[in-house]
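As provided, input-v2.csv (CSV, C-alpha atoms) reads as follows.
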chain,number,residue,atom,x,y,z
G,17,MET,CA,11.2,-87.0,103.0
G,18,ALA,CA,14.3,-87.5,100.8
G,19,THR,CA,17.6,-86.3,102.2
G,20,GLN,CA,18.8,-83.1,100.6
G,21,VAL,CA,22.1,-81.3,100.8
G,22,HIS,CA,22.5,-77.6,100.0
G,23,ALA,CA,25.7,-75.6,99.6
G,24,ILE,CA,25.5,-72.1,101.1
G,25,GLN,CA,28.3,-69.7,100.2
G,26,THR,CA,29.2,-67.5,103.2
G,27,GLY,CA,31.6,-65.0,101.6
G,28,SER,CA,35.0,-65.6,100.1
G,29,VAL,CA,38.6,-66.0,101.3
G,30,ARG,CA,42.0,-65.9,99.7
G,31,VAL,CA,45.2,-67.3,101.1
G,32,LYS,CA,48.8,-67.8,100.0
G,33,THR,CA,49.2,-70.5,97.3
G,34,ALA,CA,51.7,-72.4,99.6
G,35,GLN,CA,48.8,-72.9,102.0
G,36,LEU,CA,46.7,-74.7,99.4
G,37,ARG,CA,49.4,-77.1,98.4
G,38,GLY,CA,52.2,-77.5,100.9
G,39,ARG,CA,55.8,-76.9,99.8
G,40,GLY,CA,58.7,-78.5,101.5
G,41,ARG,CA,58.7,-80.7,104.6
G,42,GLY,CA,58.2,-80.3,108.3
G,43,MET,CA,58.3,-76.7,109.7
G,44,ALA,CA,59.6,-75.4,106.3
G,45,ARG,CA,56.3,-76.4,104.8
G,46,GLN,CA,54.4,-74.3,107.3
G,47,LEU,CA,56.8,-71.3,107.2
G,48,ALA,CA,56.5,-71.3,103.3
G,49,ILE,CA,53.1,-69.7,103.8
G,50,PHE,CA,54.8,-66.6,105.2
G,51,THR,CA,57.5,-66.3,102.5
G,52,ASP,CA,55.1,-66.9,99.6
G,53,PRO,CA,54.3,-63.6,97.8
G,54,GLN,CA,51.5,-65.2,95.7
G,55,TRP,CA,47.9,-65.0,96.7
G,56,SER,CA,45.2,-67.5,95.5
G,57,GLU,CA,42.2,-66.2,93.7
G,58,TRP,CA,39.1,-65.5,95.9
G,59,LEU,CA,37.7,-68.9,97.0
G,60,PRO,CA,34.2,-69.7,98.3
G,61,THR,CA,33.6,-70.5,101.9
G,62,TYR,CA,30.8,-73.0,102.0
G,63,ALA,CA,28.5,-74.1,104.8
G,64,PHE,CA,26.1,-76.9,104.1
G,65,VAL,CA,22.6,-77.6,105.1
G,66,ILE,CA,21.3,-81.2,105.4
G,67,GLY,CA,17.5,-81.5,105.1
G,68,HIS,CA,16.6,-84.8,106.8
G,69,GLU,CA,13.4,-86.4,108.1
G,70,GLU,CA,14.9,-86.2,111.6
G,71,GLY,CA,15.6,-82.5,111.3
G,72,ILE,CA,17.8,-79.8,109.7
G,73,PHE,CA,21.6,-80.1,110.3
G,74,VAL,CA,24.1,-77.4,109.4
G,75,VAL,CA,27.7,-78.3,108.7
G,76,ASP,CA,30.0,-75.5,109.6
G,77,ALA,CA,28.8,-71.9,110.3
G,78,GLY,CA,30.9,-70.2,107.7
G,79,GLN,CA,32.4,-66.7,107.9
G,80,GLY,CA,31.2,-64.0,110.2
G,81,LEU,CA,31.5,-60.2,109.8
G,82,HIS,CA,34.0,-60.0,112.6
G,83,LEU,CA,36.6,-61.6,110.3
G,84,LEU,CA,36.8,-58.3,108.4
G,85,ARG,CA,38.6,-57.0,111.5
G,86,HIS,CA,41.0,-59.9,111.6
G,87,ARG,CA,44.0,-57.6,110.7
G,88,GLN,CA,43.8,-56.5,114.3
G,89,SER,CA,44.6,-60.0,115.6
G,90,ILE,CA,47.8,-60.7,117.5
G,91,HIS,CA,48.3,-63.8,115.3
G,92,PRO,CA,50.7,-63.2,112.4
G,93,TYR,CA,48.8,-65.6,110.1
G,94,LEU,CA,45.5,-63.8,110.6
G,95,ARG,CA,47.2,-60.4,110.2
G,96,TRP,CA,49.1,-61.0,107.0
G,97,GLU,CA,48.4,-64.4,105.3
G,98,VAL,CA,44.6,-64.6,104.9
G,99,ASP,CA,42.0,-62.2,103.6
G,100,PHE,CA,38.2,-62.4,103.9
G,101,ARG,CA,35.3,-60.9,101.9
G,102,LEU,CA,31.8,-61.0,103.2
G,103,ASP,CA,28.6,-59.0,102.9
G,104,PRO,CA,26.1,-59.0,105.8
G,105,GLU,CA,23.5,-60.9,103.8
G,106,GLU,CA,26.0,-63.7,103.2
G,107,GLU,CA,26.3,-64.7,106.8
G,108,ILE,CA,24.7,-68.1,107.7
G,109,GLY,CA,21.6,-66.5,109.4
G,110,PRO,CA,20.4,-64.5,106.4
G,111,ARG,CA,21.3,-67.3,104.1
G,112,LEU,CA,19.2,-69.8,106.1
G,113,ARG,CA,16.2,-67.3,106.3
G,114,ASN,CA,16.4,-66.9,102.5
G,115,MET,CA,15.9,-70.7,102.3
G,116,GLY,CA,12.8,-70.4,104.6
G,117,ILE,CA,14.7,-71.8,107.6
G,118,ALA,CA,14.7,-70.0,110.9
G,119,PRO,CA,18.1,-70.5,112.5
G,120,ARG,CA,16.4,-71.7,115.7
G,121,ALA,CA,14.8,-74.5,113.6
G,122,VAL,CA,18.3,-76.1,113.1
G,123,ARG,CA,18.6,-79.3,115.1
G,124,GLN,CA,22.4,-79.4,115.3
G,125,VAL,CA,25.5,-77.7,114.0
G,126,LEU,CA,28.3,-80.1,113.0
G,127,LEU,CA,31.7,-78.4,112.9
G,128,THR,CA,34.4,-80.0,110.9
G,129,HIS,CA,36.9,-77.9,112.9
G,130,LEU,CA,37.1,-74.6,114.7
G,131,HIS,CA,39.1,-72.4,112.4
G,132,VAL,CA,37.6,-68.9,112.1
G,133,ASP,CA,36.1,-69.3,108.6
G,134,HIS,CA,34.2,-72.4,109.8
G,135,ASP,CA,32.9,-71.2,113.1
G,136,GLY,CA,32.6,-67.4,112.3
G,137,GLY,CA,28.8,-67.6,112.0
G,138,LEU,CA,28.1,-69.3,115.3
G,139,ASN,CA,26.6,-66.1,116.7
G,140,GLN,CA,23.9,-66.5,114.1
G,141,LEU,CA,23.1,-69.9,115.5
G,142,ALA,CA,23.1,-69.2,119.2
G,143,GLY,CA,21.3,-71.8,121.3
G,144,VAL,CA,21.6,-74.5,118.7
G,145,GLN,CA,23.4,-77.7,119.9
G,146,THR,CA,26.9,-77.8,118.3
G,147,LEU,CA,29.2,-80.8,117.9
G,148,ALA,CA,33.0,-80.8,117.4
G,149,THR,CA,35.7,-83.2,118.3
G,150,SER,CA,37.1,-83.1,121.8
G,151,HIS,CA,40.6,-82.7,120.5
G,152,GLU,CA,39.5,-79.6,118.5
G,153,ILE,CA,37.6,-78.0,121.4
G,154,LYS,CA,40.6,-78.4,123.7
G,155,ALA,CA,43.1,-77.0,121.1
G,156,ALA,CA,40.9,-74.0,120.3
G,157,GLY,CA,40.3,-72.8,123.9
G,158,GLY,CA,41.9,-69.9,125.7
G,159,TRP,CA,44.9,-67.8,124.9
G,160,SER,CA,46.8,-70.8,123.6
G,161,GLY,CA,44.0,-71.3,121.1
G,162,GLN,CA,44.3,-67.7,119.9
G,163,LEU,CA,48.1,-68.3,119.4
G,164,ARG,CA,47.2,-71.3,117.2
G,165,GLY,CA,45.0,-69.1,115.0
G,166,TYR,CA,41.6,-69.9,116.6
G,167,LEU,CA,39.4,-67.1,117.9
G,168,PRO,CA,37.6,-68.5,120.9
G,169,HIS,CA,37.1,-65.0,122.4
G,170,ARG,CA,34.7,-64.3,119.5
G,171,TRP,CA,32.5,-67.3,120.2
G,172,PRO,CA,29.0,-66.6,121.5
G,173,GLY,CA,28.9,-66.4,125.3
G,174,SER,CA,26.5,-69.4,125.4
G,175,PHE,CA,28.7,-71.5,123.1
G,176,GLU,CA,29.4,-74.9,124.8
G,177,PRO,CA,30.2,-77.4,122.0
G,178,ARG,CA,29.4,-81.0,122.7
G,179,PRO,CA,32.3,-83.4,122.1
G,180,ILE,CA,31.6,-85.9,119.3
G,181,PRO,CA,31.2,-89.3,120.9
G,182,PHE,CA,33.0,-91.4,118.4
G,183,GLU,CA,32.4,-95.1,118.7
G,184,SER,CA,34.5,-98.0,117.4
G,185,GLU,CA,32.0,-98.6,114.5
G,186,ARG,CA,33.8,-98.8,111.2
G,187,PHE,CA,32.6,-96.8,108.2
G,188,GLY,CA,34.6,-98.0,105.2
G,189,PRO,CA,38.3,-97.3,105.8
G,190,PHE,CA,37.5,-95.2,108.9
G,191,THR,CA,37.8,-97.3,112.1
G,192,SER,CA,35.5,-95.1,114.2
G,193,SER,CA,32.4,-93.0,113.5
G,194,TYR,CA,29.4,-91.3,115.1
G,195,ARG,CA,25.9,-91.7,113.9
G,196,VAL,CA,24.3,-88.3,113.8
G,197,THR,CA,20.9,-89.6,112.8
G,198,ARG,CA,19.1,-92.6,114.2
G,199,ALA,CA,18.9,-94.0,110.7
G,200,GLY,CA,22.7,-93.9,110.4
G,201,ASP,CA,22.6,-92.1,107.1
G,202,VAL,CA,24.4,-89.0,108.4
G,203,VAL,CA,27.7,-89.9,110.0
G,204,LEU,CA,30.7,-88.1,111.4
G,205,VAL,CA,34.2,-89.6,110.9
G,206,PRO,CA,37.6,-88.3,112.1
G,207,THR,CA,39.7,-86.9,109.3
G,208,PRO,CA,42.7,-85.4,111.2
G,209,GLY,CA,45.4,-83.5,109.3
G,210,HIS,CA,44.5,-79.9,108.5
G,211,THR,CA,43.9,-79.8,112.3
G,212,PRO,CA,44.5,-82.7,114.7
G,213,GLY,CA,40.8,-82.7,115.6
G,214,HIS,CA,39.3,-82.3,112.1
G,215,ALA,CA,36.2,-84.3,111.2
G,216,SER,CA,34.0,-84.8,108.1
G,217,VAL,CA,30.3,-85.5,107.5
G,218,LEU,CA,29.1,-88.3,105.3
G,219,VAL,CA,25.5,-88.3,104.0
G,220,GLU,CA,23.8,-91.2,102.4
G,221,MET,CA,21.6,-89.7,99.7
G,222,GLY,CA,19.2,-92.7,99.4
G,223,ASP,CA,19.2,-92.6,95.6
G,224,ALA,CA,19.4,-95.6,93.3
G,225,ASP,CA,23.1,-95.2,92.8
G,226,LYS,CA,23.7,-95.2,96.6
G,227,THR,CA,25.5,-91.9,96.4
G,228,LEU,CA,27.5,-90.9,99.4
G,229,VAL,CA,28.2,-87.1,99.9
G,230,MET,CA,31.3,-86.1,101.9
G,231,LEU,CA,31.2,-82.7,103.5
G,232,ALA,CA,35.0,-82.6,103.9
G,233,GLY,CA,35.7,-79.2,105.5
G,234,ASP,CA,39.4,-78.6,104.9
G,235,ALA,CA,40.5,-82.2,104.7
G,236,SER,CA,41.9,-80.8,101.4
G,237,TYR,CA,41.3,-77.5,99.7
G,238,THR,CA,40.2,-79.2,96.4
G,239,GLU,CA,39.1,-82.6,95.2
G,240,GLN,CA,42.2,-82.8,93.0
G,241,LEU,CA,44.6,-82.3,95.9
G,242,MET,CA,42.8,-85.2,97.7
G,243,ILE,CA,43.2,-87.4,94.6
G,244,ASP,CA,46.9,-86.6,94.4
G,245,GLY,CA,47.3,-87.1,98.2
G,246,LEU,CA,49.0,-83.8,98.8
G,247,ALA,CA,49.0,-82.2,102.2
G,248,ASP,CA,48.3,-78.5,102.6
G,249,GLY,CA,50.7,-76.0,104.1
G,250,VAL,CA,48.7,-75.7,107.4
G,251,SER,CA,48.6,-79.4,108.5
G,252,PRO,CA,50.9,-79.8,111.6
G,253,VAL,CA,51.9,-83.3,110.6
G,254,GLU,CA,52.1,-84.0,106.9
G,255,SER,CA,52.0,-87.8,107.3
G,256,VAL,CA,48.7,-87.6,109.2
G,257,THR,CA,47.1,-85.6,106.4
G,258,ILE,CA,48.3,-87.9,103.8
G,259,ALA,CA,47.0,-91.0,105.7
G,260,THR,CA,43.5,-89.3,105.9
G,261,LEU,CA,43.5,-88.4,102.2
G,262,ARG,CA,44.4,-92.1,101.4
G,263,LYS,CA,41.4,-93.2,103.4
G,264,ILE,CA,39.1,-90.8,101.5
G,265,ARG,CA,40.4,-92.1,98.2
G,266,ASP,CA,39.9,-95.7,99.4
G,267,LEU,CA,36.3,-94.7,100.2
G,268,ALA,CA,35.9,-93.2,96.8
G,269,VAL,CA,37.1,-96.4,95.2
G,270,SER,CA,34.6,-98.5,97.0
G,271,ARG,CA,31.6,-96.1,96.9
G,272,ARG,CA,30.1,-93.5,94.6
G,273,LEU,CA,31.5,-90.6,96.6
G,274,VAL,CA,30.8,-86.9,96.0
G,275,TYR,CA,33.7,-85.0,97.7
G,276,LEU,CA,32.9,-81.4,98.7
G,277,PRO,CA,35.7,-79.4,100.5
G,278,THR,CA,34.7,-76.1,101.9
G,279,HIS,CA,36.8,-73.9,99.6
G,280,ASP,CA,36.8,-75.9,96.4
G,281,PRO,CA,35.4,-73.6,93.7
G,282,LYS,CA,33.7,-76.6,92.1
G,283,SER,CA,32.0,-78.1,95.2
G,284,ALA,CA,28.6,-76.5,94.5
G,285,GLU,CA,28.6,-77.6,90.9
G,286,ARG,CA,29.6,-81.2,91.8
G,287,LEU,CA,26.9,-81.3,94.5
G,288,GLY,CA,24.2,-80.1,92.0
G,289,LYS,CA,25.2,-82.9,89.6
G,290,LEU,CA,26.0,-85.5,92.4
G,291,GLN,CA,29.3,-85.9,90.5
G,292,PRO,CA,31.5,-88.6,92.1
G,293,VAL,CA,35.2,-88.5,92.5
G,294,PHE,CA,35.6,-91.4,90.1
G,295,THR,CA,33.4,-91.7,87.1
G,296,GLU,CA,33.5,-95.5,86.7
G,297,PRO,CA,32.4,-98.0,89.3
G,298,HIS,CA,34.9,-98.9,92.1
G,299,GLY,CA,37.3,-96.2,91.0
G,300,GLY,CA,38.0,-97.8,87.6
G,301,GLY,CA,38.0,-94.4,85.9
G,302,SER,CA,41.1,-92.2,85.9
G,303,LYS,CA,39.2,-89.0,86.4
G,304,LYS,CA,41.6,-86.0,86.4
G,305,ALA,CA,40.4,-82.5,87.3
G,306,GLU,CA,42.4,-79.3,87.1
G,307,SER,CA,46.0,-79.1,88.0
G,308,PRO,CA,46.6,-78.8,91.8
G,309,ASP,CA,48.1,-75.4,91.1
G,310,THR,CA,45.0,-74.1,89.4
G,311,VAL,CA,42.2,-72.9,91.6
G,312,GLY,CA,39.6,-70.9,89.7
G,313,ARG,CA,36.6,-68.9,90.7
G,314,ILE,CA,33.3,-70.5,91.5
G,315,SER,CA,31.1,-70.7,88.4
G,316,ALA,CA,28.0,-72.6,89.8
G,317,GLN,CA,25.1,-70.8,91.4
G,318,SER,CA,24.7,-71.3,95.1
G,319,HIS,CA,22.2,-70.2,97.7

Would you mind writing the file out in structure tokens?
Amino acid sequence: MATQVHAIQTGSVRVKTAQLRGRGRGMARQLAIFTDPQWSEWLPTYAFVIGHEEGIFVVDAGQGLHLLRHRQSIHPYLRWEVDFRLDPEEEIGPRLRNMGIAPRAVRQVLLTHLHVDHDGGLNQLAGVQTLATSHEIKAAGGWSGQLRGYLPHRWPGSFEPRPIPFESERFGPFTSSYRVTRAGDVVLVPTPGHTPGHASVLVEMGDADKTLVMLAGDASYTEQLMIDGLADGVSPVESVTIATLRKIRDLAVSRRLVYLPTHDPKSAERLGKLQPVFTEPHGGGSKKAESPDTVGRISAQSH
């Protein structure tokens, strides 16, 4: 069975433009989100399904209907700086069933991080083994997690994420990794920045071009922001995000890399075309996408 990757749109989100591309330095960059009057357009929230001979893997659980009540949260960011749009049939469970996949048939859920628009659909995947980084699990727990913008009280009662057992096995510029599949063609790598415990999933497609697909979560909000090496407004430490983005660019230079952030309006389209970051071998091309300030609506069809 050839490995397949599918993008599933689980609703939409809009945030302040200062969140997409950070403005200023240090704490001023994070506070700029609260003083910015300008909203982004509605952006997709993707989860991804990996069909592999070793089983079905889901990367992130997307949005959940409980997010529509986020204005009741005690956290100022969730009350005033983010907005969600979601229909019941857009949750991960119905989306999977429309693909002919029973949620219980999923082998593992791989979480890039535990922000609410990435773990919101976990109640649709109750009982499925879930992996996240130990740093992320610790940061998200309890009342302190809620104050950081996580919503652990909305996790399923049976939710016990397994810490990703990273090993000192290099994958390109990443000094540690974890093989999800025995074949080693689905791999998790640490990509800290947006959150300290953020991770991304790399999938070897097995095609003649040796294409590598990166399911990047919120490592950056768009491909162009990754190319430009610009941190978002959420990242606690800007230099950590910039270092991660540099590693991703280095990987794109050495490999035919298809880069798919969760909220990039063009991610589904690039996945359908297996369109790499750089159009010439070894990053020889100077591919330039839209301006970092331009974030349009999704135009490609998704499941």

Name the closest residue to Ile264 (chain G) among the candidates G:Ser216, G:Thr26, G:Thr197, G:Ser251; distances are taken between atoms, counting all atoms listed in the file.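 Once distances to Ile264 (chain G) are computed over all atoms listed in the file, the minimum belongs to G:Ser216.
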
What is the CA of Ala23 (chain G)-CA of Pro172 (chain G) distance in Å, reported with one decimal?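 A separation of 23.9 Å between them.
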
Around the point (57.7, -76.9, 98.0) in the file's coordinates, collect all residues with an atom within 12 Å, using only C-alpha atoms, and return them as a list of chain:residue names. G:Thr33, G:Ala34, G:Gln35, G:Leu36, G:Arg37, G:Gly38, G:Arg39, G:Gly40, G:Arg41, G:Gly42, G:Met43, G:Ala44, G:Arg45, G:Gln46, G:Leu47, G:Ala48, G:Ile49, G:Thr51, G:Asp52, G:Leu246, G:Ala247, G:Asp248, G:Gly249, G:Asp309

Top pick for closest residue to His82 (chain G), considering G:Asp266, G:Glu70, G:Asp225, G:Asp135 and counting only C-alpha atoms: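 The shortest atom-to-atom distance to His82 (chain G) comes from G:Asp135.
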
Would you list the residues near (32.9, -79.2, 113.5), meaning any protein, DNA or RNA residue with an atom at most 6 Å from that point in file coordinates, counting all atoms listed in the file, as number ranges by chain? G: 126-129, 147-148

From the options G:Gly158, G:Pro252, G:Pro189, G:Gly288, which residue's atoms come nearest to Pro212 (chain G), counting all atoms listed in the file?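 Distance minimum relative to Pro212 (chain G) lands on G:Pro252.
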
As an exercise, work out the distance from CA of Glu185 (chain G) to CA of Val205 (chain G) in Å and give it to one decimal place.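 Calculated distance between CA of Glu185 (chain G) and CA of Val205 (chain G) is 9.9 Å.
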
How many Å lie between CA of Glu254 (chain G) and CA of Asp234 (chain G), rounded to one decimal?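 Separation between CA of Glu254 (chain G) and CA of Asp234 (chain G): 13.9 Å.
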
Could you check which of G:His131, G:Arg195, G:Lys282, G:Arg271 is closest to Asp76 (chain G), using all atoms listed in the file?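 Looking only at the distances to Asp76 (chain G), the closest residue turns out to be G:His131.
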
Find the spatial neighbours of Asp201 (chain G), counting only C-alpha atoms, within a cut-off of 8 Å - ignore same-chain residues fewer than 3 positions away - and output them as a list in words. Arg195, Val196, Thr197, Arg198, Leu218, Val219, Glu220 and Met221 of chain G

Please determine, counting all atoms listed in the file, which residue among G:Asp223, G:Asp103, G:Glu183, G:Glu69 has the shortest atom-to-atom distance to Leu204 (chain G).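 The answer is G:Glu183, which sits nearest to Leu204 (chain G).
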
Shell around Phe182 (chain G) at 8 Å using only C-alpha atoms, local window under 6 positions removed, as an MDAnalysis selection string: chainID G and resid 192:194 205

Residues within 12 Å of Gly161 (chain G), only C-alpha atoms, excluding chain neighbours under 4 positions, as number ranges by chain: G: 90-91, 130-132, 151-157, 165-170

Around region 49-52 of chain G, with edges along x, y and z and 8 Å added on all six sides, what centre and edge lengths do you get, in Å to one decimal, as lines of an AutoDock Vina configuration file?
center_x = 55.3
center_y = -68.0
center_z = 102.4
size_x = 20.4
size_y = 19.4
size_z = 21.6

Among listed residues G:Pro208, G:Gly188, G:Pro110, G:Gly173, nearest Thr149 (chain G) (using all atoms listed in the file):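 Nearest to Thr149 (chain G): G:Pro208.
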